[in-house]
Number of protein chains: 2
Amino acid sequence: MARIVQKYGGTSVGDVERIKKVAERVKASRDDGNELVVVVSARAGVTNELIARAKALTPTPADRELDQLLAVGEQETIALTAIALHGVGVDAVSYTGAQAGIFTDKVHTKAKIRTINPQSVEKDLKAGRVVIVAGFQGINDDGQVTTLGRGGSDLTAIALAAALKADKCEIYTDVDGVYTADPRVVKTARKIEEISYDEMLELASSGSKVMQSRSVEFAKKFGVVFEVRSSFNHNPGTIVKEEVAYMERVVVRGVAVDKDQAKVVVSNILDKPGSAARVFRALADASVLVDMIVQNIGRQGVANLTFTVPRTDTHKAQRALEPILAAIGGGSVTILDNIAKLSVVGVGMKTHSGVAATLFQSLADAGINIELISTSEIKISVVIDQARADDAARVAHTAFGLDNH
Amino acid sequence: MARIVQKYGGTSVGDVERIKKVAERVKASRDDGNELVVVVSARAGVTNELIARAKALTPTPADRELDQLLAVGEQETIALTAIALHGVGVDAVSYTGAQAGIFTDKVHTKAKIRTINPQSVEKDLKAGRVVIVAGFQGINDDGQVTTLGRGGSDLTAIALAAALKADKCEIYTDVDGVYTADPRVVKTARKIEEISYDEMLELASSGSKVMQSRSVEFAKKFGVVFEVRSSFNHNPGTIVKEEVAYMERVVVRGVAVDKDQAKVVVSNILDKPGSAARVFRALADASVLVDMIVQNIGRQGVANLTFTVPRTDTHKAQRALEPILAAIGGGSVTILDNIAKLSVVGVGMKTHSGVAATLFQSLADAGINIELISTSEIKISVVIDQARADDAARVAHTAFGLDNH
């Protein structure tokens with residue numbers, strides 16, 4: 001008998017038929033003798049509907065009321081899932097975030113979990129019940145409903161798995177697991193059986209959208225082993241865990257493409273101490289997330305500063321930078337949004353040399369120009385022309401021996 | 001400045017446009033300097049949608065999970081109403097039943113309010129905020145969500161008005177108030193300006209569907225004066241309050257027709273002590289509500305027992321009675337469902353004689369036969385042919401001088 005936390009996303013519980021399927025899957029695991037906690041999201045589309053109604057009333061709804069509103073989505077699903085389990089003869093009970101003892105800080109719409117008090121859940125598990133918990137939501141010390149922001153239901157599942165000392169956490173979604181590349185682009189992409197937290201984190205930050213980084217970081221911090229798998233079939237998924245020695249035999253674990261970035265060039269700034277600091281201070285004050293940064297000296301005493309930002313933030317970046325341009329030497333701000341970021345990720349890189357050379361050569365052979373380069377211990381990223389991004393993913397995938405045979 | 005509890009039903013908050021209208025009405029009362037608590041129901045139709053989803057999963061969903069599910073409807077509306085108020089510049093904050101301190105017993109789907117702890121609500125009122133409270137729901141001592149059953153939002157409003165010592169409670173609905181008869185049937189019906197709790201209770205139990213009896217009983221018990229009025233116009237409604245002397249000058253306050261009853265005749269039962277008791281014990285055990293009861297002796301030593309039950313319960317009544325028929329003398333059970341109950345109600349009846357005579361004469365003049373009669377201190381009810389019910393309402397309305405001029 002194992003203690004398992006399962007999490008089903010919005011597509012998996014999208015309507016009553018799908019909720020029935022979830023109930024059957026939960027029952028099967030229960031019949032195998034497992035203790036089960038099931039975390040569910042709102043039905044797909046419900047959260048957006050609720051936000052649309054709120055915005056029809058006022059353009060910027062208060063965060064506290066948005067949380068009160070959005071928590072409704074998951075509360076519906078927990079009750080329906082419990083009812084579906086009763087329908088197949090499984091004893092089950094639903095818990096809102098507050099009832100499950102998920103306490104957060106007071107930052108509405110993107111609260112952080114402070115602590116979980118799993119006493120009631122433990123009691124129902126001991127009584128032989130399947131416990132259904134609302135994902136994405138918690139309660140703060142004032143008794144206010146909070147929500148955890150994007151990817152919040154994954155976080156609920158992983159945090160509960162840690163608090164309940166679960167043997168395993170299963171994240172059910174609409175894909176089969178984590179792939180060596182996006183299978184829609186790279187036809188030879190393979191599903192990865194096991195991946196380290198760090199590799200998963202680098203893939204997430206490089207545009208592979210299976211899970212938000214914060215959930216993976218939380219799992220890493222508390223050593224929660226989890227499996228990403230599909231709720232629509234019974235294929236094994238991808239297991240995410242601490243790095244083990246054999247993982248280093250694979251140099252590159254996967255290739256990711258991020259097309260949601262733009263490149264910003266601040267040209268002709270004075271090459272003196274403090275210029276770059278002023279630029280990034282201005283961007284930070286405007287809450288613009290900066291990713292890759294390169295500074296190259298141009299003419300004498302004058303530099304170009306190049307970096308990438310989320311495409312949605314380009315106007316914010318421009319507005320933040322224009323007021324300080326004069327002070328740093330009167331340069332101009334140029335925005336290029338027809339770029340893409342290609343990343344190769346793998347813990348094996350740490351002990352293998354020549355990864356950069358292999359990547360750059362494969363792109364050169366395909367006639368793809370590299371505009372920016374940035375490296376971390378287990379990742380190399382390059383900025384290239386967006387029109388060539390899919391080609392680049394394919395040639396890199398082949399160059400690192402990832403192709404399916 | 002007055003402290004007012006307003007309650008808006010499902011039709012009044014049916015969509016975002018109507019919620020905006022509610023916000024404007026609340027703002028107007030706020031601008032007049034009033035302290036406001038606003039109780040809202042789920043959007044019209046939402047509760048039925050949720051029940052349909054639950055029943056698609058299993059025919060008889062567990063009550064605890066139904067409550068968890070249905071509470072979602074009001075939680076959506078409170079947040080949207082608060083957001084709408086922010087949109088028109090009014091400081092407002094939403095409360096679930098639990099957050100508002102509405103504690104109930106443990107009977108899911110038809111919980112009774114045990115106590116209200118209004119401290120948080122008081123604090124927000126003192127801070128100048130409009131407080132929006134979810135109707136229909138509460139929390140029990142185990143932290144489980146409960147719902148109050150039919151008419152629950154009215155009950156929330158009246159109970160809050162009592163707990164907060166409000167000056168007034170306004171029940172907004174889709175009708176202009178309480179009428180002397182159903183205006184769709186009796187064209188000359190008039191809106192009643194003031195009515196006593198007892199008259200309102202007798203009208204409610206006689207088929208006038210403006211409010212459930214339990215809310216009126218609660219208001220009577222705690223002396224909460226409330227007004228029933230429309231959220232779609234600014235006409236004054238009907239004020240419901242303790243009986244005052246001048247109310248007795250009106251002999252009959254209103255005429256109500258109930259077409260949802262059926263007549264049950266248990267014939268030829270032994271006329272000996274205990275027979276009637278066995279009949280009504282069997283019905284009570286089957287949870288069948290019995291309304292009017294008449295026993296008339298037929299042939300020697302043999303009696304007929306006639307009573308009315310809700311039409312939806314006729315099969316239950318038949319099943320409950322058949323096993324005991326032999327024991328009480330082998331009579332038969334006959335069910336007639338083409339009947340209607342006509343009631344005339346008024347506190348003035350207590351001090352005026354001849355009300356029964358006037359009613360019976362007016363029906364006789366119209367050729368309407370009376371099958372059963374039952375009286376209380378302030379009500380006379382008769383069972384008649386359902387096909388003549390509307391005619392009966394009109395002639396009684398005229399006979400008691402209620403017609404609009």
# chains A, B, ... in the order shown; residues from 1 in each chain; ligands from 1
>>> interface_residues(of="chain A", to="chain B", cutoff="9 Å", atoms="only C-alpha atoms", output="PyMOL selection string")
chain A and resi 15-17+19-20+50+53-62+64-73+75-88+93-96+99+143-144
>>> write_last_selection(atoms="N, CA and C atoms", output="tab-separated table (two decimals), in the first residue's frame")
chain	number	residue	atom	x	y	z
A	15	ASP	N	-15.72	18.13	-17.96
A	15	ASP	CA	-17.18	17.98	-17.92
A	15	ASP	C	-17.51	16.71	-17.12
A	16	VAL	N	-18.82	16.43	-16.95
A	16	VAL	CA	-19.17	15.32	-16.07
A	16	VAL	C	-18.66	13.98	-16.60
A	17	GLU	N	-18.60	13.82	-17.92
A	17	GLU	CA	-18.10	12.56	-18.47
A	17	GLU	C	-16.64	12.35	-18.09
A	19	ILE	N	-15.12	13.76	-15.56
A	19	ILE	CA	-15.02	13.56	-14.11
A	19	ILE	C	-15.30	12.10	-13.76
A	20	LYS	N	-16.24	11.48	-14.50
A	20	LYS	CA	-16.50	10.05	-14.30
A	20	LYS	C	-15.25	9.23	-14.58
A	50	LEU	N	-15.21	33.28	-15.28
A	50	LEU	CA	-15.40	34.08	-14.06
A	50	LEU	C	-14.66	35.41	-14.18
A	53	ARG	N	-16.58	37.77	-16.39
A	53	ARG	CA	-17.71	38.41	-15.71
A	53	ARG	C	-17.24	39.54	-14.81
A	54	ALA	N	-16.16	39.30	-14.08
A	54	ALA	CA	-15.64	40.33	-13.18
A	54	ALA	C	-15.21	41.57	-13.99
A	55	LYS	N	-14.56	41.33	-15.12
A	55	LYS	CA	-14.05	42.46	-15.91
A	55	LYS	C	-15.17	43.20	-16.63
A	56	ALA	N	-16.31	42.52	-16.82
A	56	ALA	CA	-17.47	43.21	-17.39
A	56	ALA	C	-18.05	44.19	-16.37
A	57	LEU	N	-17.71	44.02	-15.11
A	57	LEU	CA	-18.24	44.89	-14.06
A	57	LEU	C	-17.29	46.05	-13.77
A	58	THR	N	-15.99	45.78	-13.82
A	58	THR	CA	-15.01	46.86	-13.64
A	58	THR	C	-13.70	46.37	-14.25
A	59	PRO	N	-12.96	47.27	-14.93
A	59	PRO	CA	-11.78	46.80	-15.68
A	59	PRO	C	-10.70	46.17	-14.79
A	60	THR	N	-10.56	46.66	-13.54
A	60	THR	CA	-9.52	46.09	-12.68
A	60	THR	C	-10.13	45.66	-11.34
A	61	PRO	N	-10.71	44.47	-11.32
A	61	PRO	CA	-11.34	43.96	-10.10
A	61	PRO	C	-10.32	43.84	-8.97
A	62	ALA	N	-10.77	44.07	-7.75
A	62	ALA	CA	-9.88	43.97	-6.58
A	62	ALA	C	-9.41	42.53	-6.41
A	64	ARG	N	-8.63	40.79	-3.79
A	64	ARG	CA	-9.29	40.01	-2.74
A	64	ARG	C	-10.60	39.40	-3.25
A	65	GLU	N	-11.36	40.19	-4.01
A	65	GLU	CA	-12.63	39.69	-4.54
A	65	GLU	C	-12.42	38.70	-5.68
A	66	LEU	N	-11.37	38.91	-6.47
A	66	LEU	CA	-11.05	37.95	-7.53
A	66	LEU	C	-10.78	36.58	-6.91
A	67	ASP	N	-10.05	36.55	-5.81
A	67	ASP	CA	-9.76	35.28	-5.15
A	67	ASP	C	-11.03	34.61	-4.63
A	68	GLN	N	-11.89	35.43	-4.01
A	68	GLN	CA	-13.17	34.90	-3.51
A	68	GLN	C	-13.95	34.29	-4.69
A	69	LEU	N	-13.88	34.98	-5.83
A	69	LEU	CA	-14.60	34.55	-7.04
A	69	LEU	C	-13.99	33.28	-7.64
A	70	LEU	N	-12.67	33.30	-7.85
A	70	LEU	CA	-12.04	32.20	-8.58
A	70	LEU	C	-12.04	30.89	-7.79
A	71	ALA	N	-12.04	30.98	-6.47
A	71	ALA	CA	-12.03	29.78	-5.63
A	71	ALA	C	-13.25	28.91	-5.91
A	72	VAL	N	-14.29	29.53	-6.43
A	72	VAL	CA	-15.54	28.85	-6.79
A	72	VAL	C	-15.30	27.72	-7.80
A	73	GLY	N	-14.40	27.94	-8.73
A	73	GLY	CA	-14.16	26.96	-9.80
A	73	GLY	C	-13.74	25.61	-9.25
A	75	GLN	N	-14.01	24.66	-6.10
A	75	GLN	CA	-14.98	24.13	-5.12
A	75	GLN	C	-16.06	23.33	-5.82
A	76	GLU	N	-16.44	23.77	-7.02
A	76	GLU	CA	-17.41	22.98	-7.79
A	76	GLU	C	-16.82	21.60	-8.12
A	77	THR	N	-15.58	21.60	-8.61
A	77	THR	CA	-15.00	20.32	-9.06
A	77	THR	C	-14.78	19.33	-7.93
A	78	ILE	N	-14.35	19.82	-6.75
A	78	ILE	CA	-14.13	18.85	-5.65
A	78	ILE	C	-15.44	18.14	-5.29
A	79	ALA	N	-16.53	18.92	-5.22
A	79	ALA	CA	-17.81	18.30	-4.84
A	79	ALA	C	-18.24	17.30	-5.91
A	80	LEU	N	-18.12	17.71	-7.19
A	80	LEU	CA	-18.54	16.80	-8.27
A	80	LEU	C	-17.66	15.54	-8.29
A	81	THR	N	-16.37	15.69	-8.03
A	81	THR	CA	-15.49	14.53	-8.04
A	81	THR	C	-15.83	13.58	-6.89
A	82	ALA	N	-16.12	14.15	-5.71
A	82	ALA	CA	-16.52	13.29	-4.58
A	82	ALA	C	-17.82	12.56	-4.92
A	83	ILE	N	-18.77	13.28	-5.52
A	83	ILE	CA	-20.05	12.68	-5.89
A	83	ILE	C	-19.84	11.57	-6.92
A	84	ALA	N	-18.94	11.81	-7.89
A	84	ALA	CA	-18.65	10.79	-8.91
A	84	ALA	C	-18.05	9.54	-8.25
A	85	LEU	N	-17.20	9.74	-7.26
A	85	LEU	CA	-16.60	8.58	-6.57
A	85	LEU	C	-17.67	7.81	-5.80
A	86	HIS	N	-18.57	8.52	-5.14
A	86	HIS	CA	-19.69	7.84	-4.48
A	86	HIS	C	-20.45	6.99	-5.50
A	87	GLY	N	-20.61	7.56	-6.70
A	87	GLY	CA	-21.35	6.88	-7.77
A	87	GLY	C	-20.72	5.55	-8.16
A	88	VAL	N	-19.39	5.40	-7.99
A	88	VAL	CA	-18.74	4.12	-8.31
A	88	VAL	C	-18.38	3.37	-7.03
A	93	VAL	N	-14.50	12.27	0.30
A	93	VAL	CA	-14.95	13.50	0.94
A	93	VAL	C	-14.17	14.67	0.34
A	94	SER	N	-14.87	15.79	0.09
A	94	SER	CA	-14.20	16.92	-0.57
A	94	SER	C	-13.74	17.96	0.46
A	95	TYR	N	-12.63	18.61	0.15
A	95	TYR	CA	-12.05	19.65	1.01
A	95	TYR	C	-11.76	20.90	0.17
A	96	THR	N	-12.22	22.06	0.62
A	96	THR	CA	-11.71	23.30	0.04
A	96	THR	C	-10.28	23.49	0.53
A	99	GLN	N	-10.43	24.14	4.23
A	99	GLN	CA	-10.74	22.93	5.01
A	99	GLN	C	-9.54	21.99	5.08
A	143	GLY	N	-8.61	34.58	7.60
A	143	GLY	CA	-9.77	33.85	7.12
A	143	GLY	C	-10.20	34.23	5.71
A	144	GLN	N	-9.33	34.96	4.99
A	144	GLN	CA	-9.64	35.34	3.62
A	144	GLN	C	-9.21	34.22	2.67
>>> residues_around(residues="Ala163 in chain B", least_positions_apart="5", cutoff="10 Å", atoms="only C-alpha atoms", output="ChimeraX atom specification")
/B:115-118,157-158,222,224
>>> residues_around(residues="Gly177 in chain A", least_positions_apart="3", cutoff="7 Å", atoms="only C-alpha atoms", output="list of chain:residue names")
A:Lys191, A:Val228, A:Arg229, A:Ser230, A:Gly237, A:Thr238
>>> write_last_selection(atoms="N, CA and C atoms", output="compact mmCIF listing (two decimals), in the first residue's frame")
# COMPACT_ATOMS: atom_id res chain seq x y z
N LYS A 191 9.59 10.56 -25.39
CA LYS A 191 9.21 10.85 -24.01
C LYS A 191 10.38 10.50 -23.10
N VAL A 228 4.74 13.10 -14.19
CA VAL A 228 3.84 13.83 -15.08
C VAL A 228 3.30 12.83 -16.09
N ARG A 229 1.97 12.65 -16.14
CA ARG A 229 1.42 11.65 -17.06
C ARG A 229 0.04 12.06 -17.54
N SER A 230 -0.47 11.34 -18.53
CA SER A 230 -1.74 11.72 -19.16
C SER A 230 -2.93 11.10 -18.43
N GLY A 237 4.39 7.93 -17.48
CA GLY A 237 4.77 9.29 -17.82
C GLY A 237 6.25 9.54 -17.58
N THR A 238 6.55 10.75 -17.17
CA THR A 238 7.94 11.13 -16.87
C THR A 238 8.08 11.32 -15.36
>>> closest_residue(among="A:Gly138, A:Gly274, A:Pro323, A:Gly89", to="Gly101 in chain A", atoms="only C-alpha atoms")
A:Gly138
>>> residues_around(residues="Glu194 in chain B", least_positions_apart="6", cutoff="10 Å", atoms="only C-alpha atoms", output="PyMOL selection string")
chain B and resi 177-178+200+227+237-244+247+253
>>> residues_around(residues="range 281-288 of chain A", least_positions_apart="3", cutoff="6 Å", atoms="only C-alpha atoms", output="PDB file with N, CA and C atoms, in the first residue's frame")
ATOM      1  N   ALA A 277      23.591  49.361 -14.595  1.00  0.00           N
ATOM      2  CA  ALA A 277      22.798  49.276 -13.365  1.00  0.00           C
ATOM      3  C   ALA A 277      21.540  50.123 -13.469  1.00  0.00           C
ATOM      4  N   ARG A 278      21.676  51.345 -14.033  1.00  0.00           N
ATOM      5  CA  ARG A 278      20.500  52.216 -14.173  1.00  0.00           C
ATOM      6  C   ARG A 278      19.455  51.600 -15.077  1.00  0.00           C
ATOM      7  N   ALA A 320       9.802  52.392 -19.610  1.00  0.00           N
ATOM      8  CA  ALA A 320      10.672  52.480 -18.436  1.00  0.00           C
ATOM      9  C   ALA A 320      12.044  53.053 -18.810  1.00  0.00           C
TER      10      ALA A 320
END
>>> atom_distance(atom1="CA of His108 in chain B", atom2="CA of Phe136 in chain B")
11.8 Å
>>> closest_residue(among="B:Ile102, B:Gly301, B:Asn48, B:Gly128", to="Gly33 in chain B", atoms="only C-alpha atoms")
B:Gly128
>>> residues_around(residues="Gly45 in chain B", least_positions_apart="6", cutoff="9 Å", atoms="only C-alpha atoms", output="VMD selection string")
chain B and resid 10 to 11 14
>>> write_last_selection(atoms="C-alpha atoms", output="mmCIF file, in the first residue's frame")
data_model
loop_
_atom_site.group_PDB
_atom_site.id
_atom_site.type_symbol
_atom_site.label_atom_id
_atom_site.label_comp_id
_atom_site.auth_asym_id
_atom_site.auth_seq_id
_atom_site.Cartn_x
_atom_site.Cartn_y
_atom_site.Cartn_z
ATOM 1 C CA GLY B 10 -31.516 35.026 -8.119
ATOM 2 C CA THR B 11 -33.450 36.895 -10.808
ATOM 3 C CA GLY B 14 -29.170 36.940 -12.941
#
>>> residues_around(residues="Lys221 in chain B", least_positions_apart="5", cutoff="12 Å", atoms="only C-alpha atoms", output="PyMOL selection string")
chain B and resi 158-159+162+197-198+214-216+241-242
>>> closest_residue(among="B:Arg43, B:Val22, B:Leu289, B:Ile171", to="Ile4 in chain B", atoms="only C-alpha atoms")
B:Ile171
>>> atom_distance(atom1="CA of Leu155 in chain B", atom2="CA of Ala262 in chain B")
28.6 Å
>>> atom_distance(atom1="CA of Ala181 in chain B", atom2="CA of Val257 in chain B")
8.3 Å
>>> select_by_dssp(residues="range 171-285 of chain B", states="helix (DSSP H, G or I)", output="MDAnalysis selection string")
chainID B and resid 197:205 213:222 245:249 275:285
>>> closest_residue(among="A:Tyr179, A:Arg18, A:Val130, A:Phe307", to="Asn404 in chain A", atoms="only C-alpha atoms")
A:Tyr179
>>> closest_residue(among="A:Val345, A:Val175, A:Leu336, A:Ile113", to="Pro236 in chain A", atoms="only C-alpha atoms")
A:Val175
>>> closest_residue(among="B:Ala276, B:Leu321, B:Ala389, B:Val252", to="Met349 in chain B", atoms="only C-alpha atoms")
B:Val252
>>> select_by_dssp(residues="range 323-389 of chain A", states="strand (DSSP E)", output="list of chain:residue names")
A:Val333, A:Thr334, A:Ile335, A:Leu336, A:Ile339, A:Ala340, A:Lys341, A:Leu342, A:Ser343, A:Val344, A:Val345, A:Leu372, A:Ile373, A:Ser374, A:Thr375, A:Ser376, A:Lys379, A:Ile380, A:Ser381, A:Val382, A:Val383, A:Ile384, A:Asp385
